[in-house]
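Asks: File model_39.json follows (JSON, C-alpha atoms):
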[["chain", "number", "residue", "atom", "x", "y", "z"],
["A", 1, "MET", "CA", 7.15, -52.50, 13.29],
["A", 2, "ARG", "CA", 7.63, -49.32, 11.34],
["A", 3, "GLY", "CA", 11.06, -48.39, 10.11],
["A", 4, "PRO", "CA", 12.85, -45.17, 11.03],
["A", 5, "GLY", "CA", 11.38, -42.08, 9.48],
["A", 6, "PHE", "CA", 7.97, -43.57, 8.73],
["A", 7, "ALA", "CA", 4.46, -43.04, 10.02],
["A", 8, "SER", "CA", 3.46, -44.38, 13.39],
["A", 9, "SER", "CA", -0.05, -45.50, 14.28],
["A", 10, "SER", "CA", -0.76, -41.92, 15.36],
["A", 11, "GLY", "CA", 0.02, -40.70, 11.84],
["A", 12, "ARG", "CA", 3.15, -38.89, 13.03],
["A", 13, "MET", "CA", 6.46, -39.87, 11.58],
["A", 14, "ALA", "CA", 9.15, -41.14, 13.85],
["A", 15, "ARG", "CA", 12.49, -39.34, 13.67],
["A", 16, "GLY", "CA", 14.01, -40.18, 10.32],
["A", 17, "GLU", "CA", 17.53, -40.33, 9.05],
["A", 18, "ALA", "CA", 17.45, -36.62, 8.36],
["A", 19, "GLY", "CA", 16.19, -35.96, 11.89],
["A", 20, "ALA", "CA", 13.01, -34.17, 10.79],
["A", 21, "ALA", "CA", 9.72, -35.17, 12.38],
["A", 22, "ARG", "CA", 6.91, -35.15, 9.79],
["A", 23, "ARG", "CA", 3.54, -36.79, 9.37],
["A", 24, "TRP", "CA", 1.78, -38.41, 6.47],
["A", 25, "HIS", "CA", -0.75, -36.17, 4.77],
["A", 26, "ASN", "CA", -3.70, -38.25, 5.98],
["A", 27, "GLY", "CA", -3.64, -41.21, 8.33],
["A", 28, "ALA", "CA", -6.53, -43.00, 6.58],
["A", 29, "MET", "CA", -5.24, -42.82, 3.05],
["A", 30, "ARG", "CA", -4.34, -45.53, 0.60],
["A", 31, "LEU", "CA", -1.46, -45.05, -1.79],
["A", 32, "HIS", "CA", -2.08, -46.14, -5.38],
["A", 33, "ILE", "CA", 1.06, -47.00, -7.38],
["A", 34, "ALA", "CA", 1.47, -47.80, -11.07],
["A", 35, "ALA", "CA", 4.43, -48.13, -13.42],
["A", 36, "ASP", "CA", 5.43, -49.34, -16.84],
["A", 37, "HIS", "CA", 8.52, -51.43, -17.57],
["A", 38, "ALA", "CA", 10.85, -48.45, -17.08],
["A", 39, "GLY", "CA", 9.52, -47.85, -13.59],
["A", 40, "PHE", "CA", 8.91, -51.48, -12.62],
["A", 41, "GLU", "CA", 11.90, -51.89, -10.28],
["A", 42, "LEU", "CA", 11.28, -48.55, -8.54],
["A", 43, "LYS", "CA", 7.59, -49.44, -8.15],
["A", 44, "GLN", "CA", 8.49, -52.74, -6.50],
["A", 45, "HIS", "CA", 10.83, -50.90, -4.13],
["A", 46, "LEU", "CA", 8.22, -48.26, -3.25],
["A", 47, "LEU", "CA", 5.54, -50.91, -2.69],
["A", 48, "ALA", "CA", 7.74, -52.52, -0.04],
["A", 49, "HIS", "CA", 8.92, -49.17, 1.34],
["A", 50, "PHE", "CA", 5.45, -47.73, 1.92],
["A", 51, "THR", "CA", 3.97, -51.02, 3.09],
["A", 52, "GLN", "CA", 6.72, -51.27, 5.69],
["A", 53, "ALA", "CA", 5.91, -47.68, 6.64],
["A", 54, "GLY", "CA", 2.38, -48.77, 7.51],
["A", 55, "LEU", "CA", 0.47, -47.40, 4.53],
["A", 56, "GLU", "CA", -2.10, -49.40, 2.63],
["A", 57, "VAL", "CA", -0.58, -49.60, -0.85],
["A", 58, "VAL", "CA", -2.55, -50.65, -3.94],
["A", 59, "ASP", "CA", -0.58, -51.92, -6.94],
["A", 60, "HIS", "CA", -2.16, -51.06, -10.30],
["A", 61, "GLY", "CA", 0.56, -52.74, -12.37],
["A", 62, "ALA", "CA", 2.62, -53.53, -14.22],
["A", 63, "TYR", "CA", 2.64, -56.82, -12.38],
["A", 64, "GLU", "CA", 5.65, -58.19, -14.22],
["A", 65, "TYR", "CA", 8.43, -56.72, -16.28],
["A", 66, "ASP", "CA", 7.48, -56.44, -19.96],
["A", 67, "ALA", "CA", 9.72, -54.21, -22.08],
["A", 68, "LEU", "CA", 6.85, -53.71, -24.57],
["A", 69, "ASP", "CA", 4.11, -52.67, -22.14],
["A", 70, "ASP", "CA", 2.34, -49.32, -22.36],
["A", 71, "TYR", "CA", 1.94, -47.01, -19.36],
["A", 72, "PRO", "CA", -1.52, -45.48, -19.99],
["A", 73, "PRO", "CA", -3.69, -48.37, -18.70],
["A", 74, "MET", "CA", -1.80, -48.66, -15.40],
["A", 75, "CYS", "CA", -1.56, -44.92, -14.80],
["A", 76, "ILE", "CA", -5.21, -44.34, -15.66],
["A", 77, "ALA", "CA", -6.27, -47.18, -13.33],
["A", 78, "ALA", "CA", -4.30, -45.64, -10.46],
["A", 79, "ALA", "CA", -5.71, -42.18, -11.22],
["A", 80, "GLU", "CA", -9.28, -43.51, -11.37],
["A", 81, "ALA", "CA", -8.82, -45.12, -7.95],
["A", 82, "VAL", "CA", -7.47, -41.88, -6.50],
["A", 83, "ALA", "CA", -10.34, -39.89, -8.05],
["A", 84, "ALA", "CA", -12.89, -42.34, -6.61],
["A", 85, "SER", "CA", -11.49, -41.85, -3.10],
["A", 86, "ALA", "CA", -13.00, -38.37, -2.76],
["A", 87, "GLY", "CA", -9.75, -36.78, -1.65],
["A", 88, "GLU", "CA", -8.65, -39.47, 0.79],
["A", 89, "ASP", "CA", -5.98, -41.23, -1.29],
["A", 90, "LEU", "CA", -2.81, -40.30, -3.14],
["A", 91, "GLY", "CA", -1.00, -41.93, -6.03],
["A", 92, "ILE", "CA", 2.44, -42.31, -7.54],
["A", 93, "VAL", "CA", 2.92, -43.19, -11.20],
["A", 94, "ILE", "CA", 6.35, -44.13, -12.50],
["A", 95, "GLY", "CA", 7.98, -44.39, -15.90],
["A", 96, "GLY", "CA", 11.29, -43.60, -17.50],
["A", 97, "SER", "CA", 10.91, -39.82, -17.29],
["A", 98, "GLY", "CA", 7.52, -39.53, -15.59],
["A", 99, "ASN", "CA", 6.23, -37.22, -18.32],
["A", 100, "GLY", "CA", 3.92, -39.61, -20.15],
["A", 101, "GLU", "CA", 2.68, -41.10, -16.90],
["A", 102, "GLN", "CA", 1.70, -37.64, -15.65],
["A", 103, "LEU", "CA", -0.12, -36.94, -18.92],
["A", 104, "ALA", "CA", -2.01, -40.24, -18.71],
["A", 105, "ALA", "CA", -3.06, -39.68, -15.09],
["A", 106, "ASN", "CA", -4.23, -36.15, -15.89],
["A", 107, "ARG", "CA", -6.74, -37.57, -18.41],
["A", 108, "VAL", "CA", -8.89, -38.73, -15.49],
["A", 109, "PRO", "CA", -11.42, -36.03, -14.52],
["A", 110, "GLY", "CA", -10.66, -34.40, -11.18],
["A", 111, "ILE", "CA", -7.04, -35.53, -11.06],
["A", 112, "ARG", "CA", -4.12, -33.20, -10.58],
["A", 113, "ALA", "CA", -0.94, -35.13, -11.34],
["A", 114, "ALA", "CA", 2.41, -33.36, -11.11],
["A", 115, "LEU", "CA", 5.84, -34.32, -12.37],
["A", 116, "VAL", "CA", 7.92, -34.47, -9.20],
["A", 117, "TRP", "CA", 11.63, -34.33, -9.94],
["A", 118, "SER", "CA", 13.00, -33.15, -6.60],
["A", 119, "VAL", "CA", 11.99, -33.14, -2.96],
["A", 120, "GLU", "CA", 11.12, -29.45, -3.32],
["A", 121, "THR", "CA", 8.87, -29.94, -6.38],
["A", 122, "ALA", "CA", 7.16, -32.86, -4.63],
["A", 123, "LYS", "CA", 6.40, -30.69, -1.59],
["A", 124, "LEU", "CA", 5.24, -27.76, -3.72],
["A", 125, "ALA", "CA", 2.97, -30.00, -5.80],
["A", 126, "ARG", "CA", 1.16, -30.93, -2.59],
["A", 127, "GLN", "CA", 1.38, -27.55, -0.80],
["A", 128, "HIS", "CA", 0.31, -25.30, -3.68],
["A", 129, "ASN", "CA", -1.57, -27.54, -6.12],
["A", 130, "ASP", "CA", -3.04, -30.21, -3.86],
["A", 131, "ALA", "CA", -1.73, -32.71, -6.43],
["A", 132, "GLN", "CA", -3.13, -36.13, -5.69],
["A", 133, "ILE", "CA", -0.63, -37.95, -7.90],
["A", 134, "GLY", "CA", 3.12, -37.54, -8.13],
["A", 135, "SER", "CA", 4.79, -38.74, -11.32],
["A", 136, "LEU", "CA", 8.36, -39.99, -11.04],
["A", 137, "GLY", "CA", 11.00, -40.71, -13.66],
["A", 138, "ALA", "CA", 12.83, -43.87, -12.63],
["A", 139, "ARG", "CA", 15.62, -43.22, -15.14],
["A", 140, "MET", "CA", 16.14, -39.71, -13.80],
["A", 141, "HIS", "CA", 17.01, -40.52, -10.17],
["A", 142, "SER", "CA", 18.92, -42.90, -7.99],
["A", 143, "LEU", "CA", 16.81, -45.23, -5.86],
["A", 144, "GLU", "CA", 17.59, -43.10, -2.80],
["A", 145, "GLU", "CA", 16.62, -39.85, -4.55],
["A", 146, "ALA", "CA", 13.39, -41.30, -5.93],
["A", 147, "THR", "CA", 12.45, -42.67, -2.49],
["A", 148, "ALA", "CA", 13.08, -39.28, -0.86],
["A", 149, "ILE", "CA", 10.94, -37.57, -3.52],
["A", 150, "ALA", "CA", 8.11, -40.07, -3.03],
["A", 151, "ASP", "CA", 8.33, -39.72, 0.77],
["A", 152, "ALA", "CA", 8.16, -35.93, 0.48],
["A", 153, "PHE", "CA", 5.12, -36.11, -1.81],
["A", 154, "VAL", "CA", 3.20, -38.49, 0.45],
["A", 155, "ALA", "CA", 4.09, -36.65, 3.67],
["A", 156, "GLU", "CA", 3.31, -33.09, 2.56],
["A", 157, "PRO", "CA", -0.19, -31.69, 3.17],
["A", 158, "PHE", "CA", -2.00, -29.13, 1.03],
["A", 159, "SER", "CA", -1.46, -25.68, 2.53],
["A", 160, "GLY", "CA", -5.12, -24.71, 2.25],
["A", 161, "ASP", "CA", -4.05, -21.17, 1.36],
["A", 162, "GLU", "CA", -6.93, -19.24, -0.18],
["A", 163, "ARG", "CA", -4.88, -18.22, -3.24],
["A", 164, "HIS", "CA", -3.90, -21.82, -3.97],
["A", 165, "GLN", "CA", -7.46, -23.07, -3.48],
["A", 166, "ARG", "CA", -8.76, -20.30, -5.75],
["A", 167, "ARG", "CA", -6.39, -21.43, -8.52],
["A", 168, "ILE", "CA", -7.37, -25.06, -8.11],
["A", 169, "ASP", "CA", -11.06, -24.09, -8.19],
["A", 170, "ARG", "CA", -10.49, -22.21, -11.45],
["A", 171, "MET", "CA", -8.86, -25.25, -13.07],
["A", 172, "MET", "CA", -11.55, -27.59, -11.82],
["A", 173, "GLY", "CA", -14.27, -25.17, -12.95],
["A", 174, "TYR", "CA", -12.81, -25.18, -16.46],
["A", 175, "GLU", "CA", -12.66, -28.97, -16.47],
["A", 176, "GLN", "CA", -16.29, -29.27, -15.34],
["A", 177, "SER", "CA", -17.49, -26.75, -17.92],
["A", 178, "ARG", "CA", -16.20, -28.80, -20.85]]
Is it possible to express this structure as structure tokens?
Replies:
Amino acid sequence: MRGPGFASSSGRMARGEAGAARRWHNGAMRLHIAADHAGFELKQHLLAHFTQAGLEVVDHGAYEYDALDDYPPMCIAAAEAVAASAGEDLGIVIGGSGNGEQLAANRVPGIRAALVWSVETAKLARQHNDAQIGSLGARMHSLEEATAIADAFVAEPFSGDERHQRRIDRMMGYEQSR
């Protein structure tokens, strides 16, 4: 059973608490999630949240709380999995601020990771930049705010606007030319 506001088997979202009907960006996608110690609790919450919503969620660590862990290995693993999906999957990486996690994910060729710090920036990252990974700062938001931001990121499709695609193509062309 899917909870209120989450995707149904048709890919459409049931009416949520806010009353808006939305759909996940892609019914076949997997969601790759990674976090360091600062984002560990939020990651655990989002794993349960998105699993209950009917998404296939892949946990790239941290698998236990360790105050001395480093975020790059987990974030890079999640980004590599998203990159290998050929546009089918999305990812969320989580740390204290989300800044370092975004930087780590962006080291993987082909990845566009965006720091998402509000519902609006999460939607714009998907609409305008076709970001495949949203980076969240667990210390920057309440659990409810962070969940709403993650929901917005996962639900929002790329607009497909020619001007946005042109800009993405220019960035990817630069990356491939290096």
Asks: Can you tell me, as a PDB file with C-alpha atoms, in the frame of the given file, what residues are no more than 9 Å from Gln127 in chain A when counting only C-alpha atoms, ignoring any on the same chain fewer than 3 positions away?
Replies:
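The file below, selection.pdb, is the result:
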ATOM      1  CA  ALA A 122       7.160 -32.860  -4.630  1.00  0.00           C
ATOM      2  CA  LYS A 123       6.400 -30.690  -1.590  1.00  0.00           C
ATOM      3  CA  LEU A 124       5.240 -27.760  -3.720  1.00  0.00           C
ATOM      4  CA  ASP A 130      -3.040 -30.210  -3.860  1.00  0.00           C
ATOM      5  CA  ALA A 131      -1.730 -32.710  -6.430  1.00  0.00           C
ATOM      6  CA  GLU A 156       3.310 -33.090   2.560  1.00  0.00           C
ATOM      7  CA  PRO A 157      -0.190 -31.690   3.170  1.00  0.00           C
ATOM      8  CA  PHE A 158      -2.000 -29.130   1.030  1.00  0.00           C
ATOM      9  CA  SER A 159      -1.460 -25.680   2.530  1.00  0.00           C
ATOM     10  CA  GLY A 160      -5.120 -24.710   2.250  1.00  0.00           C
ATOM     11  CA  ASP A 161      -4.050 -21.170   1.360  1.00  0.00           C
ATOM     12  CA  HIS A 164      -3.900 -21.820  -3.970  1.00  0.00           C
TER      13      HIS A 164
END
Asks: Can you work out the spacing between CA of Gly91 in chain A and CA of Gln132 in chain A in Å, to one decimal?
Replies: 6.2 Å
Asks: Work out how far apart CA of Leu68 in chain A and CA of Leu47 in chain A are and give it in Å to one decimal.
Replies: 22.1 Å
Asks: Calculate how many Å separate CA of Gly87 in chain A from CA of Asn106 in chain A, rounding to one decimal.
Replies: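 Between CA of Gly87 in chain A and CA of Asn106 in chain A the gap works out to 15.3 Å.
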Asks: Do you know which residues are at most 6 Å from Val116 in chain A counting only C-alpha atoms, after dropping those on the same chain fewer than 2 positions away, and could you put them as a PyMOL selection string?
Replies: chain A and resi 114+118+121-122+134-136
Asks: In the coordinates of the file, take the point (-7.7, -39.6, -2.2) and a cut-off of 12 Å; then, counting only C-alpha atoms, name each qualifying protein, DNA or RNA residue as a PyMOL selection string.
Replies: chain A and resi 25-32+78-92+110-112+130-133+154
Asks: Give the answer as one residue: which of A:Asn129, A:Glu41, A:Ala146, A:Ala152 has the shortest atom-to-atom distance to Asp169 in chain A, using only C-alpha atoms?
Replies: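 Closest to Asp169 in chain A, using only C-alpha atoms: A:Asn129.
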Asks: Restricting the calculation to all atoms listed in the file, which member of A:Ala138, A:Leu115, A:Ala34, A:Cys75 is positioned closest to Val57 in chain A?
Replies: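 That would be A:Ala34, the residue with the smallest distance to Val57 in chain A.
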Asks: Can you work out which one of A:Tyr71, A:Arg166, A:Leu42, A:Thr51 has the shortest atom-to-atom distance to Asn99 in chain A, counting all atoms listed in the file?
Replies: A:Tyr71
Asks: I need the residue nearest Arg167 in chain A from this list: A:Pro72, A:His128, A:Lys43, A:His60. Use all atoms listed in the file for the distance.
Replies: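 Between A:Pro72, A:His128, A:Lys43, A:His60, the residue approaching Arg167 in chain A most closely is A:His128.
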Asks: Can you tell me, as lines of an AutoDock Vina configuration file, the centre and edge lengths (Å, one decimal) of the axis-aligned box enclosing all of range 82-99 of chain A's listed atoms after padding each side by 3 Å?
Replies:
center_x = -0.9
center_y = -40.6
center_z = -8.8
size_x = 30.3
size_y = 13.6
size_z = 25.1
Asks: Show me, as a PyMOL selection string, the residues that have an atom within 8 Å of Phe40 in chain A when counting all atoms listed in the file, minus same-chain residues fewer than 5 positions from it.
Replies: chain A and resi 35+62+64-65+94-95
Asks: Taking all atoms listed in the file into account, name the residue in A:Ser142, A:Pro109, A:Val119, A:Ala67 that is nearest to Gly173 in chain A.
Replies: A:Pro109
